[in-house]
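**Student:** Sharing my_file_22.cif (mmCIF, C-alpha atoms) below.
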data_entry
loop_
_atom_site.label_atom_id
_atom_site.label_comp_id
_atom_site.auth_asym_id
_atom_site.auth_seq_id
_atom_site.Cartn_x
_atom_site.Cartn_y
_atom_site.Cartn_z
CA MET A 1 106.50 68.28 88.39
CA LYS A 2 108.62 67.70 85.27
CA VAL A 3 109.01 71.41 84.70
CA LEU A 4 110.94 71.76 87.95
CA PRO A 5 114.75 71.83 87.94
CA THR A 6 116.46 68.57 88.92
CA ASP A 7 118.69 70.06 91.64
CA PRO A 8 116.90 69.45 94.98
CA ALA A 9 117.86 72.87 96.39
CA ALA A 10 116.58 74.61 93.25
CA ARG A 11 113.37 72.57 93.37
CA ALA A 12 112.90 73.56 97.00
CA ALA A 13 113.38 77.23 96.09
CA VAL A 14 110.76 76.95 93.34
CA ARG A 15 108.31 75.20 95.66
CA GLN A 16 108.80 77.80 98.38
CA GLY A 17 108.37 80.60 95.86
CA VAL A 18 105.16 79.13 94.48
CA SER A 19 103.59 78.49 97.92
CA VAL A 20 104.41 82.00 99.09
CA SER A 21 103.12 83.47 95.81
CA VAL A 22 99.77 81.70 96.09
CA ALA A 23 99.24 82.62 99.76
CA THR A 24 100.22 86.25 99.14
CA GLY A 25 98.54 86.60 95.77
CA LEU A 26 95.15 85.50 97.12
CA TYR A 27 95.36 88.40 99.53
CA GLY A 28 95.06 90.71 96.56
CA ILE A 29 91.31 90.03 96.74
CA SER A 30 91.18 91.96 100.03
CA PHE A 31 93.08 94.89 98.58
CA GLY A 32 90.99 95.09 95.43
CA ALA A 33 87.74 95.01 97.38
CA LEU A 34 88.95 97.46 100.02
CA SER A 35 90.37 99.92 97.51
CA VAL A 36 87.17 100.13 95.49
CA ALA A 37 85.16 100.42 98.71
CA ALA A 38 87.42 103.35 99.73
CA GLY A 39 86.40 105.14 96.54
CA VAL A 40 89.66 104.72 94.65
CA GLY A 41 88.03 103.22 91.56
CA LEU A 42 89.09 100.34 89.34
CA GLY A 43 91.67 102.20 87.21
CA PRO A 44 93.69 103.78 90.04
CA THR A 45 93.39 100.55 92.06
CA MET A 46 95.02 98.55 89.27
CA ALA A 47 97.60 101.31 88.68
CA LEU A 48 98.55 101.08 92.36
CA SER A 49 98.91 97.31 92.25
CA LEU A 50 100.87 97.24 89.00
CA LEU A 51 103.09 100.27 89.63
CA MET A 52 103.48 100.59 93.40
CA PHE A 53 103.36 96.82 94.03
CA SER A 54 104.04 96.82 97.75
CA GLY A 55 101.15 95.53 99.83
CA GLY A 56 101.79 97.62 102.94
CA SER A 57 102.13 100.86 100.99
CA GLN A 58 99.06 100.10 98.90
CA PHE A 59 96.83 99.36 101.90
CA ALA A 60 98.14 102.49 103.65
CA LEU A 61 97.56 104.80 100.69
CA VAL A 62 94.03 103.54 100.17
CA GLY A 63 93.40 103.81 103.92
CA VAL A 64 94.43 107.46 103.97
CA ILE A 65 92.32 108.25 100.92
CA GLY A 66 89.34 106.38 102.38
CA ALA A 67 89.70 108.45 105.57
CA ALA A 68 89.56 111.63 103.43
CA GLY A 69 93.26 112.37 104.01
CA THR A 70 95.26 114.77 101.85
CA PRO A 71 97.31 113.62 98.84
CA VAL A 72 100.50 114.63 100.68
CA ALA A 73 99.58 112.48 103.69
CA ALA A 74 98.73 109.55 101.43
CA ILE A 75 102.00 109.84 99.50
CA ALA A 76 104.08 110.29 102.66
CA THR A 77 102.55 107.26 104.40
CA ALA A 78 102.97 105.00 101.39
CA THR A 79 106.55 106.17 100.87
CA LEU A 80 107.53 105.67 104.50
CA LEU A 81 106.19 102.13 104.39
CA GLY A 82 108.11 101.47 101.19
CA LEU A 83 111.39 102.39 102.87
CA ARG A 84 112.10 98.82 103.93
CA ASN A 85 112.22 97.82 100.27
CA THR A 86 115.40 99.92 99.98
CA LEU A 87 116.98 97.70 102.60
CA TYR A 88 115.68 94.62 100.80
CA GLY A 89 117.13 95.89 97.52
CA ALA A 90 120.56 96.31 99.10
CA VAL A 91 120.34 92.78 100.53
CA VAL A 92 119.22 90.97 97.35
CA SER A 93 121.18 92.96 94.78
CA PRO A 94 124.54 91.17 95.48
CA LEU A 95 122.71 87.82 95.19
CA LEU A 96 121.08 88.67 91.87
CA GLN A 97 123.95 90.33 89.98
CA VAL A 98 121.71 91.82 87.30
CA ARG A 99 122.08 94.92 85.12
CA GLY A 100 120.00 97.00 82.71
CA TRP A 101 116.27 96.35 82.37
CA ARG A 102 116.53 93.21 84.51
CA ARG A 103 117.70 95.39 87.38
CA LEU A 104 114.60 97.58 86.95
CA ALA A 105 112.43 94.46 86.93
CA ALA A 106 114.24 93.10 90.00
CA ALA A 107 113.70 96.42 91.80
CA GLN A 108 109.98 96.37 91.02
CA VAL A 109 109.49 92.87 92.48
CA THR A 110 111.69 93.55 95.54
CA ILE A 111 109.17 93.06 98.37
CA ASP A 112 108.90 91.23 101.72
CA GLU A 113 108.16 87.85 100.16
CA SER A 114 110.71 87.76 97.31
CA THR A 115 113.45 88.96 99.67
CA ALA A 116 112.49 86.46 102.36
CA VAL A 117 112.60 83.49 99.98
CA ALA A 118 115.82 84.69 98.29
CA VAL A 119 117.83 85.13 101.47
CA ALA A 120 116.65 81.81 102.91
CA GLN A 121 118.37 79.80 100.13
CA PRO A 122 121.72 78.06 100.66
CA ASP A 123 123.61 79.67 97.74
CA HIS A 124 123.44 82.47 95.17
CA ALA A 125 122.08 80.30 92.35
CA THR A 126 119.07 79.10 94.35
CA SER A 127 118.63 82.58 95.85
CA ARG A 128 118.16 83.90 92.32
CA ILE A 129 115.61 81.18 91.54
CA GLY A 130 113.77 81.86 94.79
CA PHE A 131 113.75 85.61 94.19
CA TRP A 132 112.46 85.51 90.62
CA VAL A 133 109.89 82.74 91.16
CA THR A 134 108.49 84.54 94.21
CA GLY A 135 108.77 88.05 92.77
CA ILE A 136 107.13 87.23 89.44
CA GLY A 137 104.70 84.76 91.04
CA VAL A 138 103.44 87.30 93.57
CA TYR A 139 103.35 90.05 90.90
CA VAL A 140 101.16 88.03 88.55
CA LEU A 141 98.87 86.52 91.19
CA TRP A 142 98.61 89.66 93.34
CA ASN A 143 97.53 91.77 90.37
CA ALA A 144 95.15 89.10 89.06
CA PHE A 145 93.45 88.79 92.44
CA VAL A 146 93.38 92.56 93.03
CA LEU A 147 91.44 92.80 89.76
CA LEU A 148 89.13 90.00 90.86
CA GLY A 149 88.61 91.62 94.27
CA ALA A 150 87.96 95.04 92.72
CA LEU A 151 85.38 93.56 90.35
CA ALA A 152 83.72 91.01 92.62
CA GLY A 153 84.21 92.65 95.99
CA ASP A 154 83.22 90.69 99.04
CA ALA A 155 81.41 87.96 97.10
CA LEU A 156 84.58 85.85 97.16
CA GLY A 157 84.81 85.82 100.92
CA ASP A 158 87.49 86.63 103.41
CA PRO A 159 90.97 85.11 102.83
CA ARG A 160 91.23 84.74 106.60
CA ALA A 161 88.50 82.11 106.50
CA TRP A 162 90.91 80.02 104.42
CA GLY A 163 93.71 80.58 106.94
CA LEU A 164 95.83 82.43 104.40
CA ASP A 165 97.07 84.95 106.97
CA ALA A 166 98.34 82.08 109.11
CA ALA A 167 99.87 80.47 106.02
CA ALA A 168 101.91 83.61 105.35
CA ALA A 169 103.10 83.75 108.97
CA ALA A 170 104.06 80.07 108.83
CA ALA A 171 105.95 80.62 105.57
CA PHE A 172 108.08 83.34 107.19
CA LEU A 173 108.66 81.09 110.20
CA ALA A 174 109.74 78.21 107.96
CA LEU A 175 112.14 80.52 106.14
CA VAL A 176 113.84 81.78 109.30
CA TRP A 177 113.87 78.40 111.09
CA PRO A 178 117.15 77.01 109.66
CA ARG A 179 118.91 80.33 110.40
CA LEU A 180 118.25 80.25 114.15
CA ALA A 181 121.01 77.80 115.13
CA PRO A 182 123.78 80.34 115.87
CA ARG A 183 123.49 81.89 119.33
CA ARG A 184 123.87 85.39 117.94
CA ALA A 185 120.96 84.76 115.58
CA GLN A 186 118.85 83.63 118.54
CA LEU A 187 119.74 86.84 120.39
CA VAL A 188 118.77 88.96 117.38
CA ALA A 189 115.56 86.95 116.90
CA GLY A 190 114.59 87.59 120.54
CA LEU A 191 115.32 91.30 120.21
CA ALA A 192 113.35 91.43 116.95
CA VAL A 193 110.31 89.88 118.67
CA VAL A 194 110.54 92.42 121.51
CA ALA A 195 111.05 95.43 119.21
CA THR A 196 108.26 94.41 116.83
CA THR A 197 105.76 93.58 119.58
CA ALA A 198 106.54 96.79 121.46
CA LEU A 199 106.11 99.01 118.38
CA ILE A 200 103.06 97.50 116.63
CA PRO A 201 100.52 99.48 118.74
CA PHE A 202 102.30 102.81 118.30
CA VAL A 203 103.60 103.15 114.74
CA PRO A 204 102.17 102.56 111.25
CA PRO A 205 102.40 99.00 109.85
CA GLY A 206 105.77 98.42 108.20
CA ILE A 207 107.78 100.47 110.69
CA PRO A 208 108.19 97.66 113.30
CA VAL A 209 109.96 95.56 110.66
CA LEU A 210 112.35 98.43 109.97
CA ALA A 211 113.00 98.84 113.71
CA ALA A 212 113.81 95.14 114.06
CA ALA A 213 116.27 95.47 111.19
CA ALA A 214 117.85 98.48 112.90
CA VAL A 215 118.34 96.43 116.07
CA ALA A 216 120.06 93.72 114.05
CA ILE A 217 122.36 96.28 112.42
CA VAL A 218 123.40 97.58 115.85
CA VAL A 219 124.07 94.06 117.17
CA GLY A 220 126.05 93.20 114.04
CA LEU A 221 128.17 96.34 114.30
CA VAL A 222 128.95 96.14 118.03
CA ALA A 223 129.40 92.36 118.27
CA PRO A 224 132.99 91.07 118.15
CA ALA A 225 134.08 89.57 114.83
CA ALA A 226 134.81 86.12 116.29
CA PRO A 227 133.48 85.33 119.76
CA THR A 228 136.21 83.85 121.94
CA SER A 229 134.02 82.94 124.88
CA VAL A 230 130.85 80.98 124.35
CA ALA A 231 127.88 81.81 126.52
CA PRO A 232 125.84 78.98 128.06
CA GLN A 233 123.18 77.50 125.79
CA ALA A 234 119.86 79.21 126.33
CA ASP A 235 117.03 77.08 127.68
CA GLY A 236 114.89 75.56 124.99
CA ALA A 237 117.30 76.55 122.24
CA PRO A 238 117.97 74.00 119.51
CA SER A 239 121.01 71.91 120.46
CA ALA A 240 123.92 73.38 118.58
CA VAL A 241 126.09 71.27 116.32
CA PRO A 242 129.89 71.74 116.60
CA GLY A 243 131.01 74.97 115.01
CA ASP A 244 127.59 76.56 115.14
CA ALA A 245 128.73 79.20 117.59
CA PHE A 246 130.79 80.69 114.78
CA ALA A 247 128.35 80.11 111.97
CA ASP A 248 126.99 83.63 112.19
CA ASP A 249 130.40 85.05 111.39
CA VAL A 250 130.43 83.83 107.82
CA PRO A 251 128.16 85.13 105.07
CA ALA A 252 124.79 83.43 104.88
CA ASP A 253 125.47 81.63 101.62
CA GLU A 254 128.78 80.23 102.85
CA ALA A 255 127.34 79.31 106.21
CA SER A 256 124.90 77.03 104.43
CA THR A 257 127.06 75.57 101.70
CA ASP A 258 130.38 75.15 103.51
CA SER A 259 129.10 73.55 106.65
CA PRO A 260 128.22 69.87 106.34
CA GLU A 261 126.31 70.07 109.62
CA ASN A 262 124.16 72.79 108.19
CA GLU A 263 123.49 70.84 105.01
CA THR A 264 122.36 67.71 106.81
CA ASP A 265 120.35 69.93 109.09
CA ARG A 266 118.47 71.53 106.23
CA GLU A 267 118.05 68.67 103.81
CA PRO A 268 115.25 66.78 105.58
CA ALA A 269 113.26 70.01 105.68
CA ARG A 270 112.72 69.64 101.96
CA MET B 1 89.63 113.95 96.27
CA THR B 2 89.16 114.85 92.60
CA THR B 3 89.97 112.32 89.90
CA ALA B 4 93.05 114.30 88.86
CA ALA B 5 94.29 114.56 92.46
CA LEU B 6 93.65 110.86 92.97
CA TRP B 7 95.63 109.87 89.88
CA THR B 8 98.45 112.26 90.81
CA THR B 9 98.59 110.77 94.31
CA VAL B 10 98.65 107.24 92.93
CA LEU B 11 101.36 107.95 90.36
CA VAL B 12 103.62 110.08 92.58
CA ALA B 13 103.45 107.56 95.44
CA SER B 14 104.10 104.67 93.04
CA LEU B 15 107.12 106.47 91.59
CA ALA B 16 108.45 107.18 95.08
CA CYS B 17 108.05 103.52 96.08
CA PHE B 18 109.84 102.35 92.95
CA ALA B 19 112.67 104.83 93.52
CA LEU B 20 113.11 103.44 97.05
CA LYS B 21 113.34 99.88 95.71
CA LEU B 22 115.77 100.83 92.96
CA GLY B 23 117.88 102.87 95.39
CA GLY B 24 118.59 99.73 97.38
CA HIS B 25 119.67 97.87 94.25
CA LEU B 26 122.03 100.71 93.29
CA VAL B 27 124.00 100.67 96.56
CA PRO B 28 127.62 100.19 95.40
CA ARG B 29 128.73 96.57 95.68
CA SER B 30 131.98 97.64 97.38
CA TRP B 31 129.96 98.93 100.33
CA LEU B 32 128.53 95.46 100.82
CA ALA B 33 131.72 93.41 100.40
CA SER B 34 133.27 93.70 103.87
CA GLU B 35 133.11 90.92 106.46
CA ARG B 36 131.33 93.23 108.88
CA VAL B 37 128.65 94.12 106.36
CA SER B 38 128.02 90.47 105.52
CA ARG B 39 127.69 89.72 109.24
CA VAL B 40 125.20 92.57 109.57
CA THR B 41 123.14 91.46 106.56
CA THR B 42 123.00 87.90 107.94
CA LEU B 43 121.58 89.23 111.20
CA VAL B 44 119.28 91.70 109.44
CA THR B 45 117.81 88.77 107.52
CA VAL B 46 116.99 86.95 110.75
CA ALA B 47 115.49 90.10 112.28
CA LEU B 48 113.38 90.87 109.20
CA LEU B 49 111.98 87.35 108.96
CA VAL B 50 111.24 87.11 112.70
CA SER B 51 109.62 90.55 112.63
CA LEU B 52 107.46 89.49 109.68
CA VAL B 53 106.39 86.37 111.62
CA VAL B 54 105.30 88.59 114.54
CA VAL B 55 103.50 91.11 112.31
CA GLN B 56 101.80 88.46 110.19
CA GLY B 57 101.00 86.25 113.21
CA PHE B 58 99.95 88.66 115.95
CA ALA B 59 99.10 92.07 114.46
CA ASP B 60 95.69 93.27 113.32
CA GLY B 61 96.48 96.74 112.08
CA ARG B 62 97.99 98.41 115.13
CA THR B 63 96.45 95.97 117.60
CA LEU B 64 98.17 92.88 118.99
CA VAL B 65 95.73 89.98 118.97
CA VAL B 66 95.72 86.29 119.84
CA ASP B 67 93.52 84.54 117.29
CA ALA B 68 93.55 81.37 115.17
CA ARG B 69 96.94 82.36 113.74
CA VAL B 70 98.68 81.64 117.06
CA PRO B 71 97.78 77.93 117.30
CA ALA B 72 98.47 77.74 113.57
CA LEU B 73 102.00 79.07 114.19
CA ALA B 74 102.43 76.56 117.03
CA VAL B 75 101.47 73.74 114.66
CA ALA B 76 103.91 75.14 112.09
CA ALA B 77 106.72 75.26 114.67
CA LEU B 78 106.00 71.66 115.70
CA ALA B 79 106.03 70.57 112.05
CA LEU B 80 109.35 72.38 111.51
CA ALA B 81 110.84 70.73 114.59
CA LEU B 82 109.80 67.39 113.08
CA ARG B 83 111.51 68.39 109.81
CA ALA B 84 108.32 68.60 107.78
CA PRO B 85 108.76 70.01 104.24
CA PHE B 86 108.03 73.70 103.65
CA ILE B 87 104.76 73.25 101.79
CA LEU B 88 103.39 70.90 104.46
CA VAL B 89 104.24 73.46 107.17
CA VAL B 90 102.35 76.16 105.28
CA VAL B 91 99.34 73.95 104.52
CA LEU B 92 99.11 72.69 108.12
CA ALA B 93 99.14 76.27 109.41
CA ALA B 94 96.42 77.35 106.97
CA ALA B 95 94.31 74.29 107.79
CA THR B 96 94.66 74.89 111.53
CA ALA B 97 93.57 78.53 111.27
CA ALA B 98 90.79 77.79 108.80
CA GLY B 99 89.54 74.88 110.94
CA LEU B 100 89.48 76.92 114.14
CA ARG B 101 87.65 79.77 112.40
CA ALA B 102 85.15 77.34 110.91
CA LEU B 103 84.48 76.23 114.49
CA GLY B 104 83.87 79.85 115.39
CA TRP B 105 87.10 80.78 117.18
CA GLY B 106 89.69 83.40 116.20
#
Can the structure in the file be given as structure tokens, please?
**Tutor:**
Amino acid sequence: MKVLPTDPAARAAVRQGVSVSVATGLYGISFGALSVAAGVGLGPTMALSLLMFSGGSQFALVGVIGAAGTPVAAIATATLLGLRNTLYGAVVSPLLQVRGWRRLAAAQVTIDESTAVAVAQPDHATSRIGFWVTGIGVYVLWNAFVLLGALAGDALGDPRAWGLDAAAAAAFLALVWPRLAPRRAQLVAGLAVVATTALIPFVPPGIPVLAAAAVAIVVGLVAPAAPTSVAPQADGAPSAVPGDAFADDVPADEASTDSPENETDREPAR
Amino acid sequence: MTTAALWTTVLVASLACFALKLGGHLVPRSWLASERVSRVTTLVTVALLVSLVVVQGFADGRTLVVDARVPALAVAALALALRAPFILVVVLAAATAAGLRALGWG
């Protein structure tokens, strides 16, 4: 553990990034095996993983090809699913503050996992650590395990048997957990659950996440800047600390660094 | 699909996906500086993460399913409520799902 930074928040960001990278990277085995089984071949499979590097888009493109779809359909599906990465890029770019080739590298590793870990950190410095550790970690491990899966196929077994799908879900839950104290965040979380659950059966994977984001944008735009009346606490909601009702009206990084309640709230989680 | 068509599909789609990622990074900073935009991005973050929990925890392709991931998420939520560290939450969830599947459920 001596290679880790000494700052506890930075260490936590590194640990989160590494755990998410391992859980996600191992999933590359499934993609490699599936892609070769769909007739895509080793070369194009690795090109997809290295160049496209967005799990949802990769699975979708291979799925369309495996179902004998047209190139246009395959490209359109993969592109549509990659649309949420534009939103992620806009969210993480102010945190990263990079230019030149580093911006190109940052864009390439802008995915669900790197964005999720970056935005869950208490300040810009740890967000950057979280983003790069997760982005590079997933990139390296995902591509390594795609290669392994493409070469070895099903011999390695199903990642679900190891509970890795549940691990990924739990990682996202752990990342959002500290952000659910403000009442407005709870409202948006509830709406996101409803929107996602309602859409999963009817639209391609990837779109429900975009729809949930759209709901949040609408709530953020129509909600008053500073709520003057406070609604009753919802049943089962975490008991709010003083000032929490307004915590969603400051930027995420300030909400976590400026509020002592928030700090004490988060610290034991590490 | 011919080899040439396959490679073209792979490369064009990869380029499109990279352009989408880069496009987000090139959104002018001034657009993102206002108080309203920061409020929206805070809420978008919550919505994205919650949506990813639902997709990763309950979706199997386009089907909603209740399998070993659901008790695993419940264990994770309990661990979070007890202030368990991140890595422990993730490991407990994986162990719960793996254990239940080893027993033949989910």
**Student:** Which residues would end up in the selection if the PyMOL selection byres ((chain B and resi 76) around 8) were applied here, given that I need the answer as number ranges by chain?
**Tutor:** A: 170, 173-174; B: 72-75, 77-80, 89-90, 92-93
**Student:** Tell me, in Å to one decimal, how far CA of Ala81 in chain B is from CA of Thr196 in chain A.
**Tutor:**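 Between CA of Ala81 in chain B and CA of Thr196 in chain A the gap is 23.9 Å.
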**Student:** Just say which residues the PyMOL selection byres ((chain A and resi 38-54) around 7) picks in this file, as a ChimeraX atom specification.
**Tutor:** /A:32,34-37,55-58,62,66,111,143,147,150 /B:7,10,14,17-18
**Student:** Select, as an MDAnalysis selection string, those residues of chain A with any atom no more than 6 Å from chain B (distances computed using all atoms listed in the file).
**Tutor:** chainID A and resid 51:52 71 75 79 82 85:87 89:90 93 107 161:164 166:167 169:173 176 189 192 196 200:201 209 212:213 216:217 220 249 251:252 268:270
**Student:** Would you compute the distance between CA of Gly206 in chain A and CA of Leu81 in chain A? Give it in Å to one decimal.
**Tutor:**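 Result for CA of Gly206 in chain A versus CA of Leu81 in chain A: 5.3 Å, one decimal.
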**Student:** Selected by the PyMOL selection byres ((chain A and resi 120) around 12) in the shown coordinates: which residues, as a ChimeraX atom specification?
**Tutor:** /A:9,12-13,16-17,91-92,95,113-119,121-131,171-180,252-253,255-256,266 /B:42,45-46,48-49,86
**Student:** What does the distance between CA of Ala60 in chain A and CA of Ala74 in chain A come to in Å, to one decimal place?
**Tutor:**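 CA of Ala60 in chain A sits 7.4 Å away from CA of Ala74 in chain A.
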**Student:** Measuring between all atoms listed in the file, which one of A:Pro94, A:Pro208, A:Gly153, A:Pro182 shows the shortest distance to Ala106 in chain A?
**Tutor:**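 Looking at the shortest contact to Ala106 in chain A, the residue is A:Pro94.
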**Student:** How about completing range 157-179 of chain A with N, CA and C atoms and giving it to me as an mmCIF file, in the coordinates of the input?
**Tutor:**
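Saved file out-v5.cif follows:
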data_model
loop_
_atom_site.group_PDB
_atom_site.id
_atom_site.type_symbol
_atom_site.label_atom_id
_atom_site.label_comp_id
_atom_site.auth_asym_id
_atom_site.auth_seq_id
_atom_site.Cartn_x
_atom_site.Cartn_y
_atom_site.Cartn_z
ATOM 1 N N GLY A 157 84.538 86.226 99.538
ATOM 2 C CA GLY A 157 84.810 85.820 100.920
ATOM 3 C C GLY A 157 86.124 86.345 101.429
ATOM 4 N N ASP A 158 86.334 86.112 102.700
ATOM 5 C CA ASP A 158 87.490 86.630 103.410
ATOM 6 C C ASP A 158 88.637 85.628 103.335
ATOM 7 N N PRO A 159 89.850 86.056 102.879
ATOM 8 C CA PRO A 159 90.970 85.110 102.830
ATOM 9 C C PRO A 159 91.323 84.536 104.203
ATOM 10 N N ARG A 160 90.933 85.245 105.266
ATOM 11 C CA ARG A 160 91.230 84.740 106.600
ATOM 12 C C ARG A 160 90.464 83.441 106.876
ATOM 13 N N ALA A 161 89.271 83.326 106.295
ATOM 14 C CA ALA A 161 88.500 82.110 106.500
ATOM 15 C C ALA A 161 89.236 80.887 105.967
ATOM 16 N N TRP A 162 90.116 81.105 104.988
ATOM 17 C CA TRP A 162 90.910 80.020 104.420
ATOM 18 C C TRP A 162 92.250 79.865 105.140
ATOM 19 N N GLY A 163 92.466 80.680 106.171
ATOM 20 C CA GLY A 163 93.710 80.580 106.940
ATOM 21 C C GLY A 163 94.927 81.123 106.215
ATOM 22 N N LEU A 164 94.693 81.985 105.205
ATOM 23 C CA LEU A 164 95.830 82.430 104.400
ATOM 24 C C LEU A 164 96.752 83.373 105.176
ATOM 25 N N ASP A 165 96.201 84.101 106.152
ATOM 26 C CA ASP A 165 97.070 84.950 106.970
ATOM 27 C C ASP A 165 98.017 84.097 107.803
ATOM 28 N N ALA A 166 97.490 82.999 108.341
ATOM 29 C CA ALA A 166 98.340 82.080 109.110
ATOM 30 C C ALA A 166 99.358 81.397 108.202
ATOM 31 N N ALA A 167 98.945 81.103 106.958
ATOM 32 C CA ALA A 167 99.870 80.470 106.020
ATOM 33 C C ALA A 167 101.068 81.380 105.748
ATOM 34 N N ALA A 168 100.813 82.683 105.601
ATOM 35 C CA ALA A 168 101.910 83.610 105.350
ATOM 36 C C ALA A 168 102.844 83.680 106.552
ATOM 37 N N ALA A 169 102.274 83.726 107.759
ATOM 38 C CA ALA A 169 103.100 83.750 108.970
ATOM 39 C C ALA A 169 103.953 82.486 109.068
ATOM 40 N N ALA A 170 103.339 81.336 108.768
ATOM 41 C CA ALA A 170 104.060 80.070 108.830
ATOM 42 C C ALA A 170 105.170 80.017 107.780
ATOM 43 N N ALA A 171 104.920 80.603 106.617
ATOM 44 C CA ALA A 171 105.950 80.620 105.570
ATOM 45 C C ALA A 171 107.178 81.405 106.040
ATOM 46 N N PHE A 172 106.942 82.556 106.666
ATOM 47 C CA PHE A 172 108.080 83.340 107.190
ATOM 48 C C PHE A 172 108.810 82.560 108.279
ATOM 49 N N LEU A 173 108.042 81.884 109.125
ATOM 50 C CA LEU A 173 108.660 81.090 110.200
ATOM 51 C C LEU A 173 109.520 79.964 109.617
ATOM 52 N N ALA A 174 108.987 79.302 108.585
ATOM 53 C CA ALA A 174 109.740 78.210 107.960
ATOM 54 C C ALA A 174 111.021 78.729 107.304
ATOM 55 N N LEU A 175 110.967 79.957 106.797
ATOM 56 C CA LEU A 175 112.140 80.520 106.140
ATOM 57 C C LEU A 175 113.235 80.889 107.144
ATOM 58 N N VAL A 176 112.836 81.347 108.323
ATOM 59 C CA VAL A 176 113.840 81.780 109.300
ATOM 60 C C VAL A 176 114.342 80.597 110.131
ATOM 61 N N TRP A 177 113.572 79.534 110.208
ATOM 62 C CA TRP A 177 113.870 78.400 111.090
ATOM 63 C C TRP A 177 115.313 77.886 110.971
ATOM 64 N N PRO A 178 115.798 77.577 109.755
ATOM 65 C CA PRO A 178 117.150 77.010 109.660
ATOM 66 C C PRO A 178 118.252 78.010 110.021
ATOM 67 N N ARG A 179 117.906 79.307 110.135
ATOM 68 C CA ARG A 179 118.910 80.330 110.400
ATOM 69 C C ARG A 179 119.049 80.626 111.886
#
